[in-house]
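Listing of upload_36.pdb; format and content: PDB, C-alpha atoms.
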```
ATOM      1  CA  MET N   1      23.242 -20.230 -32.203
ATOM      2  CA  ARG N   2      21.686 -21.881 -29.162
ATOM      3  CA  ARG N   3      19.290 -18.977 -28.720
ATOM      4  CA  LYS N   4      18.232 -19.131 -32.352
ATOM      5  CA  ILE N   5      17.461 -22.847 -32.090
ATOM      6  CA  ILE N   6      15.427 -22.250 -28.938
ATOM      7  CA  ALA N   7      13.569 -19.364 -30.606
ATOM      8  CA  PHE N   8      12.772 -21.564 -33.608
ATOM      9  CA  TRP N   9      11.316 -24.296 -31.404
ATOM     10  CA  MET N  10       9.359 -21.708 -29.437
ATOM     11  CA  PHE N  11       7.901 -20.353 -32.683
ATOM     12  CA  ILE N  12       6.795 -23.858 -33.670
ATOM     13  CA  VAL N  13       5.185 -24.309 -30.249
ATOM     14  CA  PHE N  14       3.374 -20.990 -30.686
ATOM     15  CA  ILE N  15       2.027 -21.987 -34.109
ATOM     16  CA  VAL N  16       0.776 -25.305 -32.711
ATOM     17  CA  MET N  17      -0.830 -23.686 -29.661
ATOM     18  CA  ALA N  18      -2.485 -20.951 -31.716
ATOM     19  CA  SER N  19      -3.867 -23.250 -34.378
ATOM     20  CA  PHE N  20      -5.598 -25.727 -32.055
ATOM     21  CA  LYS N  21      -8.198 -24.960 -29.444
ATOM     22  CA  ILE N  22      -6.620 -26.296 -26.290
ATOM     23  CA  VAL N  23      -9.354 -25.730 -23.746
ATOM     24  CA  PRO N  24     -12.968 -25.874 -24.939
ATOM     25  CA  LEU N  25     -14.433 -22.805 -23.286
ATOM     26  CA  GLU N  26     -17.640 -22.324 -25.241
ATOM     27  CA  GLY N  27     -19.905 -24.351 -22.961
ATOM     28  CA  ALA N  28     -18.517 -22.952 -19.729
ATOM     29  CA  ASP N  29     -21.258 -20.451 -18.979
ATOM     30  CA  GLU N  30     -23.098 -22.195 -16.145
ATOM     31  CA  LEU N  31     -21.229 -20.264 -13.441
ATOM     32  CA  TYR N  32     -21.515 -17.101 -15.526
ATOM     33  CA  ASN N  33     -25.316 -17.416 -15.702
ATOM     34  CA  TYR N  34     -25.517 -18.094 -11.978
ATOM     35  CA  PHE N  35     -23.386 -15.098 -11.079
ATOM     36  CA  ILE N  36     -25.024 -12.561 -13.348
ATOM     37  CA  THR N  37     -28.559 -13.511 -12.344
ATOM     38  CA  ASN N  38     -28.362 -13.449  -8.566
ATOM     39  CA  PHE N  39     -25.188 -11.771  -7.367
ATOM     40  CA  TYR N  40     -27.140  -8.798  -6.070
ATOM     41  CA  ALA N  41     -29.598 -10.932  -4.144
ATOM     42  CA  ASP N  42     -26.812 -12.960  -2.558
ATOM     43  CA  THR N  43     -24.163 -10.387  -1.737
ATOM     44  CA  GLY N  44     -26.004  -7.074  -1.567
ATOM     45  CA  SER N  45     -23.277  -5.428  -3.608
ATOM     46  CA  ASN N  46     -23.933  -3.608  -6.843
ATOM     47  CA  ASN N  47     -20.487  -4.406  -8.192
ATOM     48  CA  ALA N  48     -20.245  -8.067  -9.153
ATOM     49  CA  VAL N  49     -16.465  -8.301  -8.898
ATOM     50  CA  SER N  50     -16.432  -6.827  -5.394
ATOM     51  CA  GLY N  51     -19.284  -9.118  -4.400
ATOM     52  CA  ILE N  52     -17.439 -12.191  -5.622
ATOM     53  CA  TYR N  53     -14.115 -11.504  -3.961
ATOM     54  CA  LEU N  54     -15.610 -10.354  -0.687
ATOM     55  CA  ASP N  55     -18.514 -12.756  -0.297
ATOM     56  CA  TYR N  56     -18.420 -15.858  -2.481
ATOM     57  CA  ARG N  57     -14.668 -16.207  -2.267
ATOM     58  CA  ALA N  58     -13.874 -14.793   1.153
ATOM     59  CA  TYR N  59     -11.177 -17.409   1.745
ATOM     60  CA  ASP N  60      -9.446 -16.203  -1.411
ATOM     61  CA  THR N  61      -9.244 -12.615  -0.201
ATOM     62  CA  LEU N  62      -8.260 -13.700   3.303
ATOM     63  CA  PHE N  63      -5.271 -15.754   2.245
ATOM     64  CA  GLU N  64      -4.305 -13.322  -0.477
ATOM     65  CA  THR N  65      -3.938 -10.487   2.034
ATOM     66  CA  LEU N  66      -2.019 -12.938   4.234
ATOM     67  CA  LEU N  67       0.292 -13.542   1.265
ATOM     68  CA  LEU N  68       0.930  -9.810   0.896
ATOM     69  CA  LEU N  69       1.741  -9.554   4.618
ATOM     70  CA  VAL N  70       4.113 -12.539   4.443
ATOM     71  CA  SER N  71       5.844 -11.126   1.372
ATOM     72  CA  VAL N  72       6.388  -7.787   3.145
ATOM     73  CA  ILE N  73       7.894  -9.629   6.127
ATOM     74  CA  GLY N  74      10.089 -11.626   3.738
ATOM     75  CA  ILE N  75      11.313  -8.452   2.037
ATOM     76  CA  ILE N  76      12.227  -6.914   5.389
ATOM     77  CA  TYR N  77      14.051 -10.112   6.324
ATOM     78  CA  PHE N  78      15.959 -10.451   3.055
ATOM     79  CA  SER N  79      17.044  -6.822   2.814
ATOM     80  CA  ARG N  80      18.766  -6.723   6.172
ATOM     81  CA  HIS N  81      22.496  -6.724   5.471
ATOM     82  CA  GLU N  82      25.055  -6.841   8.292
ATOM     83  CA  GLY N  83      22.642  -6.171  11.091
ATOM     84  CA  ASP N  84      21.346  -2.725  10.090
ATOM     85  CA  TYR N  85      17.671  -2.007  10.080
TER      86      TYR N  85
ATOM     87  CA  MET O   1     -15.857 -13.408 -28.373
ATOM     88  CA  TYR O   2     -14.153 -11.185 -30.914
ATOM     89  CA  SER O   3     -13.809 -13.332 -33.991
ATOM     90  CA  GLY O   4     -10.890 -11.758 -35.845
ATOM     91  CA  PHE O   5      -7.552 -13.489 -36.182
ATOM     92  CA  ILE O   6      -5.724 -11.492 -33.531
ATOM     93  CA  ASP O   7      -7.817 -11.667 -30.396
ATOM     94  CA  GLY O   8      -6.782 -11.584 -26.761
ATOM     95  CA  SER O   9      -6.002 -15.261 -26.365
ATOM     96  CA  ILE O  10      -3.571 -15.274 -29.317
ATOM     97  CA  VAL O  11      -1.711 -12.308 -27.830
ATOM     98  CA  ALA O  12      -1.718 -14.024 -24.438
ATOM     99  CA  ILE O  13      -0.223 -17.205 -25.916
ATOM    100  CA  ALA O  14       2.437 -15.149 -27.720
ATOM    101  CA  LEU O  15       3.381 -13.348 -24.491
ATOM    102  CA  PHE O  16       3.517 -16.673 -22.650
ATOM    103  CA  ILE O  17       5.863 -18.146 -25.274
ATOM    104  CA  ILE O  18       8.079 -15.046 -25.081
ATOM    105  CA  GLY O  19       8.289 -15.453 -21.304
ATOM    106  CA  ILE O  20       9.167 -19.154 -21.605
ATOM    107  CA  TYR O  21      11.853 -18.272 -24.137
ATOM    108  CA  GLY O  22      13.320 -15.702 -21.748
ATOM    109  CA  LEU O  23      13.337 -18.278 -18.961
ATOM    110  CA  ILE O  24      15.156 -21.010 -20.856
ATOM    111  CA  ALA O  25      17.423 -19.093 -23.224
ATOM    112  CA  ARG O  26      18.845 -16.396 -20.963
ATOM    113  CA  ARG O  27      21.078 -16.919 -17.951
ATOM    114  CA  ASN O  28      20.625 -13.490 -16.373
ATOM    115  CA  ILE O  29      18.717 -13.515 -13.087
ATOM    116  CA  ILE O  30      17.039 -10.147 -13.652
ATOM    117  CA  LYS O  31      15.859 -11.300 -17.072
ATOM    118  CA  SER O  32      14.402 -14.403 -15.439
ATOM    119  CA  ILE O  33      12.419 -12.223 -13.041
ATOM    120  CA  MET O  34      11.252 -10.086 -15.969
ATOM    121  CA  SER O  35      10.149 -13.260 -17.739
ATOM    122  CA  PHE O  36       8.114 -14.203 -14.693
ATOM    123  CA  ALA O  37       6.383 -10.827 -14.886
ATOM    124  CA  ILE O  38       5.683 -11.289 -18.613
ATOM    125  CA  ILE O  39       4.182 -14.746 -17.989
ATOM    126  CA  GLN O  40       2.035 -13.224 -15.241
ATOM    127  CA  ALA O  41       0.700 -10.587 -17.640
ATOM    128  CA  ALA O  42      -0.017 -13.271 -20.244
ATOM    129  CA  ILE O  43      -1.990 -15.379 -17.796
ATOM    130  CA  ILE O  44      -3.992 -12.341 -16.645
ATOM    131  CA  LEU O  45      -4.820 -11.434 -20.251
ATOM    132  CA  PHE O  46      -5.839 -15.012 -21.062
ATOM    133  CA  PHE O  47      -8.128 -15.276 -18.065
ATOM    134  CA  LEU O  48      -9.796 -11.945 -18.775
ATOM    135  CA  ASN O  49     -10.524 -13.164 -22.304
ATOM    136  CA  ILE O  50     -12.432 -16.273 -21.226
ATOM    137  CA  ASN O  51     -16.142 -16.281 -22.001
ATOM    138  CA  LEU O  52     -16.207 -12.659 -23.148
ATOM    139  CA  PRO O  53     -19.441 -11.686 -24.957
ATOM    140  CA  GLU O  54     -19.738  -9.337 -27.905
ATOM    141  CA  ASN O  55     -19.477  -5.645 -26.894
ATOM    142  CA  PRO O  56     -19.222  -6.335 -23.160
ATOM    143  CA  LEU O  57     -20.169  -3.878 -20.420
ATOM    144  CA  PRO O  58     -18.594  -3.855 -16.939
ATOM    145  CA  PRO O  59     -20.361  -6.174 -14.441
ATOM    146  CA  ILE O  60     -22.166  -3.492 -12.473
ATOM    147  CA  GLY O  61     -25.891  -3.301 -11.881
ATOM    148  CA  ASP O  62     -27.920  -4.936 -14.645
ATOM    149  CA  ALA O  63     -26.002  -4.276 -17.830
ATOM    150  CA  THR O  64     -27.229  -6.679 -20.461
ATOM    151  CA  PRO O  65     -24.143  -8.001 -22.333
ATOM    152  CA  MET O  66     -22.223  -8.290 -19.095
ATOM    153  CA  ALA O  67     -18.585  -9.321 -18.986
ATOM    154  CA  ASP O  68     -17.860 -12.407 -16.912
ATOM    155  CA  PRO O  69     -17.155 -11.152 -13.372
ATOM    156  CA  PHE O  70     -15.562 -14.355 -12.130
ATOM    157  CA  PRO O  71     -12.172 -14.211 -13.981
ATOM    158  CA  GLN O  72     -11.903 -10.549 -13.054
ATOM    159  CA  ALA O  73     -12.350 -11.378  -9.385
ATOM    160  CA  LEU O  74      -9.689 -14.076  -9.675
ATOM    161  CA  MET O  75      -7.274 -11.804 -11.502
ATOM    162  CA  ILE O  76      -7.549  -8.931  -9.032
ATOM    163  CA  THR O  77      -5.875 -11.245  -6.536
ATOM    164  CA  ALA O  78      -3.409 -12.549  -9.129
ATOM    165  CA  ILE O  79      -2.167  -9.009  -9.794
ATOM    166  CA  VAL O  80      -1.308  -8.471  -6.122
ATOM    167  CA  ILE O  81       0.321 -11.910  -5.985
ATOM    168  CA  GLY O  82       2.404 -10.956  -9.040
ATOM    169  CA  VAL O  83       3.599  -7.775  -7.324
ATOM    170  CA  ALA O  84       4.559  -9.768  -4.229
ATOM    171  CA  VAL O  85       6.414 -12.441  -6.235
ATOM    172  CA  THR O  86       8.352  -9.854  -8.245
ATOM    173  CA  ALA O  87       9.305  -7.845  -5.151
ATOM    174  CA  VAL O  88      10.467 -10.886  -3.180
ATOM    175  CA  GLY O  89      12.413 -12.181  -6.190
ATOM    176  CA  LEU O  90      14.225  -8.878  -6.674
ATOM    177  CA  THR O  91      15.059  -8.654  -2.973
ATOM    178  CA  MET O  92      16.448 -12.206  -2.977
ATOM    179  CA  PHE O  93      18.472 -11.338  -6.070
ATOM    180  CA  ILE O  94      20.012  -8.290  -4.368
ATOM    181  CA  SER O  95      20.962 -10.363  -1.334
ATOM    182  CA  LEU O  96      22.470 -13.022  -3.628
ATOM    183  CA  TYR O  97      24.381 -10.380  -5.581
ATOM    184  CA  HIS O  98      25.901  -9.021  -2.375
ATOM    185  CA  HIS O  99      27.091 -12.524  -1.571
ATOM    186  CA  TYR O 100      28.320 -13.857  -4.927
ATOM    187  CA  GLY O 101      28.901 -10.738  -7.015
ATOM    188  CA  THR O 102      27.424 -11.962 -10.284
ATOM    189  CA  THR O 103      24.121 -11.958 -12.147
ATOM    190  CA  ASN O 104      24.604 -15.211 -14.027
ATOM    191  CA  TRP O 105      22.891 -18.409 -12.948
ATOM    192  CA  LYS O 106      25.788 -20.616 -14.033
ATOM    193  CA  LYS O 107      28.480 -18.582 -12.268
ATOM    194  CA  VAL O 108      26.389 -18.591  -9.099
ATOM    195  CA  VAL O 109      26.132 -22.387  -9.286
ATOM    196  CA  ASN O 110      29.880 -22.725  -9.863
ATOM    197  CA  LYS O 111      30.755 -20.424  -6.966
ATOM    198  CA  ARG O 112      28.383 -22.223  -4.679
ATOM    199  CA  ARG O 113      29.966 -25.533  -5.678
ATOM    200  CA  GLU O 114      33.424 -24.146  -4.898
ATOM    201  CA  GLU O 115      32.314 -23.078  -1.433
ATOM    202  CA  ASP O 116      31.136 -26.535  -0.473
TER     203      ASP O 116
ATOM    204  CA  MET K   1      17.301  10.925  -5.915
ATOM    205  CA  ARG K   2      20.021  13.417  -5.072
ATOM    206  CA  ASN K   3      18.851  16.668  -6.660
ATOM    207  CA  HIS K   4      15.192  17.508  -6.841
ATOM    208  CA  SER K   5      14.021  19.148 -10.004
ATOM    209  CA  LEU K   6      11.802  22.175  -9.434
ATOM    210  CA  LEU K   7       9.299  21.106 -12.090
ATOM    211  CA  LEU K   8       8.749  17.699 -10.480
ATOM    212  CA  ARG K   9       8.324  19.200  -7.032
ATOM    213  CA  ILE K  10       5.765  21.815  -8.071
ATOM    214  CA  THR K  11       3.639  19.579 -10.303
ATOM    215  CA  MET K  12       3.650  16.671  -7.869
ATOM    216  CA  GLY K  13       2.807  18.993  -5.001
ATOM    217  CA  ALA K  14      -0.173  20.278  -6.955
ATOM    218  CA  ILE K  15      -1.368  16.747  -7.822
ATOM    219  CA  TYR K  16      -0.874  15.409  -4.273
ATOM    220  CA  PRO K  17      -4.337  16.125  -2.738
ATOM    221  CA  PHE K  18      -6.155  14.940  -5.856
ATOM    222  CA  ILE K  19      -4.470  11.543  -5.617
ATOM    223  CA  ILE K  20      -5.623  11.208  -2.002
ATOM    224  CA  VAL K  21      -9.207  12.167  -2.832
ATOM    225  CA  PHE K  22      -9.283   9.856  -5.865
ATOM    226  CA  GLY K  23      -7.952   6.917  -3.862
ATOM    227  CA  ILE K  24     -10.427   7.428  -1.028
ATOM    228  CA  TYR K  25     -13.293   7.738  -3.525
ATOM    229  CA  ILE K  26     -12.377   4.501  -5.286
ATOM    230  CA  THR K  27     -11.959   2.657  -1.988
ATOM    231  CA  VAL K  28     -15.202   3.783  -0.379
ATOM    232  CA  ASN K  29     -17.371   3.402  -3.477
ATOM    233  CA  GLY K  30     -15.934   0.002  -4.344
ATOM    234  CA  SER K  31     -19.203  -1.845  -3.773
ATOM    235  CA  THR K  32     -21.360   0.273  -6.077
ATOM    236  CA  SER K  33     -19.019   1.386  -8.859
ATOM    237  CA  PRO K  34     -15.786   0.245 -10.515
ATOM    238  CA  GLY K  35     -13.056  -0.025  -7.959
ATOM    239  CA  GLY K  36     -12.446  -1.769  -4.702
ATOM    240  CA  GLY K  37      -9.958  -2.285  -1.946
ATOM    241  CA  PHE K  38      -6.935  -3.403  -3.918
ATOM    242  CA  GLN K  39      -7.176  -0.713  -6.566
ATOM    243  CA  GLY K  40      -7.797   2.088  -4.066
ATOM    244  CA  GLY K  41      -4.945   0.886  -1.876
ATOM    245  CA  ALA K  42      -2.578   0.898  -4.838
ATOM    246  CA  ILE K  43      -3.623   4.454  -5.722
ATOM    247  CA  ILE K  44      -3.201   5.677  -2.129
ATOM    248  CA  SER K  45       0.248   4.088  -1.981
ATOM    249  CA  ALA K  46       1.174   6.328  -4.929
ATOM    250  CA  VAL K  47       0.825   9.206  -2.440
ATOM    251  CA  PHE K  48       3.784   7.886  -0.461
ATOM    252  CA  ILE K  49       5.868   7.536  -3.620
ATOM    253  CA  VAL K  50       5.086  11.164  -4.484
ATOM    254  CA  GLN K  51       5.994  12.150  -0.933
ATOM    255  CA  TYR K  52       9.360  10.466  -1.361
ATOM    256  CA  PHE K  53      10.008  12.501  -4.498
ATOM    257  CA  ILE K  54       9.053  15.908  -3.157
ATOM    258  CA  THR K  55      10.364  15.962   0.408
ATOM    259  CA  TYR K  56      13.953  16.355   1.499
ATOM    260  CA  GLU K  57      14.226  14.350   4.683
ATOM    261  CA  LYS K  58      13.970  10.618   4.130
ATOM    262  CA  THR K  59      13.094   9.496   7.625
ATOM    263  CA  VAL K  60      10.024   7.327   7.397
ATOM    264  CA  SER K  61       9.466   4.905  10.230
ATOM    265  CA  LEU K  62       8.484   1.634   8.627
ATOM    266  CA  HIS K  63       7.670   0.054  11.998
ATOM    267  CA  ILE K  64       4.384   1.934  12.099
ATOM    268  CA  PHE K  65       3.353   0.725   8.635
ATOM    269  CA  ASN K  66       4.216  -2.827   9.499
ATOM    270  CA  HIS K  67       2.303  -2.749  12.783
ATOM    271  CA  ILE K  68      -0.723  -1.178  11.080
ATOM    272  CA  GLU K  69      -0.645  -3.920   8.471
ATOM    273  CA  LYS K  70      -0.563  -6.719  11.044
ATOM    274  CA  ILE K  71      -3.391  -5.183  13.085
ATOM    275  CA  LEU K  72      -5.487  -4.677   9.955
ATOM    276  CA  TYR K  73      -4.977  -8.269   8.881
ATOM    277  CA  LEU K  74      -6.295  -9.375  12.268
ATOM    278  CA  ALA K  75      -9.273  -7.038  11.820
ATOM    279  CA  ILE K  76      -9.991  -8.465   8.353
ATOM    280  CA  VAL K  77      -9.963 -12.021   9.698
ATOM    281  CA  ILE K  78     -12.258 -11.095  12.577
ATOM    282  CA  PHE K  79     -14.700  -9.267  10.297
ATOM    283  CA  THR K  80     -14.873 -12.086   7.778
ATOM    284  CA  VAL K  81     -15.371 -14.707  10.468
ATOM    285  CA  LEU K  82     -18.072 -12.638  12.136
ATOM    286  CA  PHE K  83     -20.106 -11.715   9.085
ATOM    287  CA  ILE K  84     -19.607 -14.553   6.597
ATOM    288  CA  PHE K  85     -18.608 -17.722   8.363
ATOM    289  CA  GLN K  86     -20.615 -17.178  11.525
ATOM    290  CA  PHE K  87     -24.030 -16.410  10.078
ATOM    291  CA  GLY K  88     -23.614 -17.951   6.650
ATOM    292  CA  GLU K  89     -26.797 -17.960   4.670
ATOM    293  CA  ILE K  90     -28.907 -16.330   7.369
ATOM    294  CA  THR K  91     -26.991 -13.047   7.356
ATOM    295  CA  PRO K  92     -29.519 -10.184   7.425
ATOM    296  CA  HIS K  93     -29.585  -8.588   4.033
ATOM    297  CA  PHE K  94     -29.306  -4.993   5.197
ATOM    298  CA  ILE K  95     -25.954  -5.683   6.857
ATOM    299  CA  LYS K  96     -24.237  -6.809   3.637
ATOM    300  CA  PRO K  97     -23.539  -3.359   2.060
ATOM    301  CA  TYR K  98     -21.990  -2.077   5.304
ATOM    302  CA  TYR K  99     -19.857  -5.213   5.438
ATOM    303  CA  MET K 100     -18.717  -4.554   1.857
ATOM    304  CA  VAL K 101     -17.773  -0.935   2.574
ATOM    305  CA  ILE K 102     -15.929  -1.753   5.811
ATOM    306  CA  MET K 103     -14.014  -4.635   4.217
ATOM    307  CA  ASN K 104     -13.071  -2.469   1.240
ATOM    308  CA  ILE K 105     -11.702   0.238   3.538
ATOM    309  CA  LEU K 106      -9.730  -2.260   5.640
ATOM    310  CA  ILE K 107      -8.261  -3.998   2.581
ATOM    311  CA  GLY K 108      -7.448  -0.640   1.005
ATOM    312  CA  ILE K 109      -5.462   0.594   4.005
ATOM    313  CA  LYS K 110      -3.716  -2.759   4.331
ATOM    314  CA  VAL K 111      -2.654  -2.940   0.675
ATOM    315  CA  CYS K 112      -1.531   0.693   0.839
ATOM    316  CA  CYS K 113       0.698  -0.060   3.842
ATOM    317  CA  GLY K 114       2.120  -3.192   2.201
ATOM    318  CA  LEU K 115       3.028  -1.537  -1.098
ATOM    319  CA  SER K 116       4.487   1.492   0.701
ATOM    320  CA  VAL K 117       6.687  -0.758   2.830
ATOM    321  CA  ILE K 118       7.879  -2.586  -0.304
ATOM    322  CA  PHE K 119       8.684   0.699  -2.073
ATOM    323  CA  TYR K 120      10.506   2.245   0.879
ATOM    324  CA  ARG K 121      12.545  -0.879   1.553
ATOM    325  CA  PHE K 122      13.696  -0.902  -2.056
ATOM    326  CA  VAL K 123      14.456   2.799  -2.171
ATOM    327  CA  LEU K 124      16.003   3.405   1.228
ATOM    328  CA  PHE K 125      17.755   0.147   2.029
ATOM    329  CA  GLU K 126      18.554  -1.601  -1.239
ATOM    330  CA  SER K 127      19.952   1.345  -3.185
ATOM    331  CA  ARG K 128      23.314   1.481  -1.483
TER     332      ARG K 128
END
```

Could you render the structure as structure tokens?
Amino acid sequence: MRRKIIAFWMFIVFIVMASFKIVPLEGADELYNYFITNFYADTGSNNAVSGIYLDYRAYDTLFETLLLLVSVIGIIYFSRHEGDY
Amino acid sequence: MYSGFIDGSIVAIALFIIGIYGLIARRNIIKSIMSFAIIQAAIILFFLNINLPENPLPPIGDATPMADPFPQALMITAIVIGVAVTAVGLTMFISLYHHYGTTNWKKVVNKRREED
Amino acid sequence: MRNHSLLLRITMGAIYPFIIVFGIYITVNGSTSPGGGFQGGAIISAVFIVQYFITYEKTVSLHIFNHIEKILYLAIVIFTVLFIFQFGEITPHFIKPYYMVIMNILIGIKVCCGLSVIFYRFVLFESR
């Protein structure tokens, strides 16, 4: 019964979220126009996605690879039961 | 943007609501981790749907109706972060299962309260 | 996996080199075509999963993967600091494609090592 009540409320929330526009995204093309006009001149890469995550957002890639390294270290730490390796 | 009724953002919102339902209605730890993964997929789908032109081409070279490269570059990191979060969560769950012997959030809380 | 099926071993053994070539292609050509470091690394890490399914002895030393990953992270930091944060706007334009290719290869190998370590920890140590 509890699950059905929660599912009913979730359905109402879905109807409300789908019927209204929450974030107005139509006018958000300033960054898009900047990137598609001069990504090749700035980064020297023919692939825009690769150019963005390796040049414009180098900090993003740097700390994201750090996150993968830290998660691997955390997995090795957590999966060590009773002193085996 | 594709102007039919069922476009990507509607599907993304539906997946997000399903994940929230799994988080608050179920007390199984593995189902909570699966809900996290579903919410991750919903957020990735929503971001890829932002500012999408009609009949988009991949952002390579000088294709004219080019898809927005910026959400794609954000989401390529979010995918790896999702893998890391899921893996660490499953490993923590296995360690917790070895210690408490149950997969239920409430029983874990009760056993932890008994130990104190 | 206790008993290896013959079908899985033969088909996976035939696919094995193609996965390696496909992963290396996607990693190296990441700056001019669809692909990149993360995708290529994920594909190359599939090679290690296939190797787990088709070989009999399960002795993989994860120390080497972990050390390679740490050293490659240091190399990524050094490369980014040298080529992006040091020169900034005045980076010579002909250097940029080489920087892209080298960073894609480094990130590809690093992601491959990370995902392989995650898979082998789950399979070898958690499945008891």

Can you tell me how far CA of Gly22 (chain O) sits from CA of Gly74 (chain N), in Å to one decimal? 26.0 Å

Taking all atoms listed in the file into account, produce a table as a tab-separated table in which each residue of chain N with an atom at most 10 Å from an atom of chain K appears once, together with its shortest atom pair and the distance in Å to one decimal, ordered by chain and rising number.
```
residue	atom	partner	partner_atom	distance
N:Ala41	CA	K:His93	CA	8.5
N:Asp42	CA	K:His93	CA	8.4
N:Thr43	CA	K:Lys96	CA	6.5
N:Gly44	CA	K:Lys96	CA	5.5
N:Ser45	CA	K:Ser31	CA	5.4
N:Asn46	CA	K:Thr32	CA	4.7
N:Asn47	CA	K:Thr32	CA	5.2
N:Ala48	CA	K:Ser31	CA	8.3
N:Val49	CA	K:Ser31	CA	8.7
N:Ser50	CA	K:Ser31	CA	5.9
N:Gly51	CA	K:Ser31	CA	7.3
N:Tyr53	CA	K:Gly36	CA	9.9
N:Leu54	CA	K:Met100	CA	7.1
N:Asp55	CA	K:Ile84	CA	7.2
N:Tyr56	CA	K:Ile84	CA	9.2
N:Ala58	CA	K:Thr80	CA	7.2
N:Tyr59	CA	K:Thr80	CA	8.9
N:Thr61	CA	K:Ile107	CA	9.1
N:Leu62	CA	K:Val77	CA	6.8
N:Phe63	CA	K:Val77	CA	9.6
N:Thr65	CA	K:Tyr73	CA	7.3
N:Leu66	CA	K:Tyr73	CA	7.2
N:Leu68	CA	K:Gly114	CA	6.8
N:Leu69	CA	K:Gly114	CA	6.8
N:Val70	CA	K:Gly114	CA	9.8
N:Ser71	CA	K:Gly114	CA	8.8
N:Val72	CA	K:Gly114	CA	6.3
N:Ile73	CA	K:Asn66	CA	8.4
N:Ile75	CA	K:Ile118	CA	7.2
N:Ile76	CA	K:Arg121	CA	7.2
N:Ser79	CA	K:Glu126	CA	6.8
N:Arg80	CA	K:Phe125	CA	8.1
N:His81	CA	K:Phe125	CA	9.0
N:Asp84	CA	K:Phe125	CA	9.3
N:Tyr85	CA	K:Phe125	CA	8.3
```

Can you turn the PyMOL selection byres ((chain O and resi 14) around 10) into a concrete residue list for this file, as a PDB file with C-alpha atoms, in the frame of the given file?
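The resulting file, out34.pdb, is shown below:
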```
ATOM      1  CA  MET N  10       9.359 -21.708 -29.437  1.00  0.00           C
ATOM      2  CA  PHE N  11       7.901 -20.353 -32.683  1.00  0.00           C
ATOM      3  CA  VAL N  13       5.185 -24.309 -30.249  1.00  0.00           C
ATOM      4  CA  PHE N  14       3.374 -20.990 -30.686  1.00  0.00           C
ATOM      5  CA  ILE N  15       2.027 -21.987 -34.109  1.00  0.00           C
ATOM      6  CA  MET N  17      -0.830 -23.686 -29.661  1.00  0.00           C
ATOM      7  CA  ALA N  18      -2.485 -20.951 -31.716  1.00  0.00           C
TER       8      ALA N  18
ATOM      9  CA  GLY O   8      -6.782 -11.584 -26.761  1.00  0.00           C
ATOM     10  CA  SER O   9      -6.002 -15.261 -26.365  1.00  0.00           C
ATOM     11  CA  ILE O  10      -3.571 -15.274 -29.317  1.00  0.00           C
ATOM     12  CA  VAL O  11      -1.711 -12.308 -27.830  1.00  0.00           C
ATOM     13  CA  ALA O  12      -1.718 -14.024 -24.438  1.00  0.00           C
ATOM     14  CA  ILE O  13      -0.223 -17.205 -25.916  1.00  0.00           C
ATOM     15  CA  LEU O  15       3.381 -13.348 -24.491  1.00  0.00           C
ATOM     16  CA  PHE O  16       3.517 -16.673 -22.650  1.00  0.00           C
ATOM     17  CA  ILE O  17       5.863 -18.146 -25.274  1.00  0.00           C
ATOM     18  CA  ILE O  18       8.079 -15.046 -25.081  1.00  0.00           C
ATOM     19  CA  GLY O  19       8.289 -15.453 -21.304  1.00  0.00           C
ATOM     20  CA  ILE O  20       9.167 -19.154 -21.605  1.00  0.00           C
ATOM     21  CA  ILE O  39       4.182 -14.746 -17.989  1.00  0.00           C
ATOM     22  CA  ALA O  42      -0.017 -13.271 -20.244  1.00  0.00           C
TER      23      ALA O  42
END
```

By how many Å are CA of Met66 (chain O) and CA of Ile36 (chain N) apart?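 It comes out at 7.7 Å.
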
Check every residue of chain O for an atom within 9 Å of chain K, counting only C-alpha atoms, and provide those that qualify as a list in words.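 Result: Pro58, Pro59, Ile60, Gly61, Ile76, Thr77, Val80, Val83, Ala84, Ala87, Thr91 and Ile94 of chain O.
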
Would you put the residues from that selection into a file with C-alpha atoms, as an mmCIF file, keeping the file's coordinate frame?
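Saved file part10.cif follows:
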```cif
data_model
loop_
_atom_site.group_PDB
_atom_site.id
_atom_site.type_symbol
_atom_site.label_atom_id
_atom_site.label_comp_id
_atom_site.auth_asym_id
_atom_site.auth_seq_id
_atom_site.Cartn_x
_atom_site.Cartn_y
_atom_site.Cartn_z
ATOM 1 C CA PRO O 58 -18.594 -3.855 -16.939
ATOM 2 C CA PRO O 59 -20.361 -6.174 -14.441
ATOM 3 C CA ILE O 60 -22.166 -3.492 -12.473
ATOM 4 C CA GLY O 61 -25.891 -3.301 -11.881
ATOM 5 C CA ILE O 76 -7.549 -8.931 -9.032
ATOM 6 C CA THR O 77 -5.875 -11.245 -6.536
ATOM 7 C CA VAL O 80 -1.308 -8.471 -6.122
ATOM 8 C CA VAL O 83 3.599 -7.775 -7.324
ATOM 9 C CA ALA O 84 4.559 -9.768 -4.229
ATOM 10 C CA ALA O 87 9.305 -7.845 -5.151
ATOM 11 C CA THR O 91 15.059 -8.654 -2.973
ATOM 12 C CA ILE O 94 20.012 -8.290 -4.368
#
```

Coordinates-based distance that separates CA of Phe93 (chain O) from CA of Ile5 (chain N) (Å, one decimal):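 Calculated distance between CA of Ile5 (chain N) and CA of Phe93 (chain O) is 28.5 Å.
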
For chain N, the nearest of the candidates O:Ala73, O:Leu90, O:Ile38, O:Ile30, counting all atoms listed in the file: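 Among the listed residues, the smallest separation from chain N belongs to O:Ala73.
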
List, as JSON, numbers by chain, every residue that the PyMOL selection byres ((chain K and resi 2-11) around 10) selects in the file provided. {"K": [1, 12, 13, 14, 15, 16, 50, 51, 53, 54, 55, 56]}

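Closest approach to chain N among O:Val109, O:Val88, O:Leu96, O:Ile29: O:Val88, based on only C-alpha atoms.
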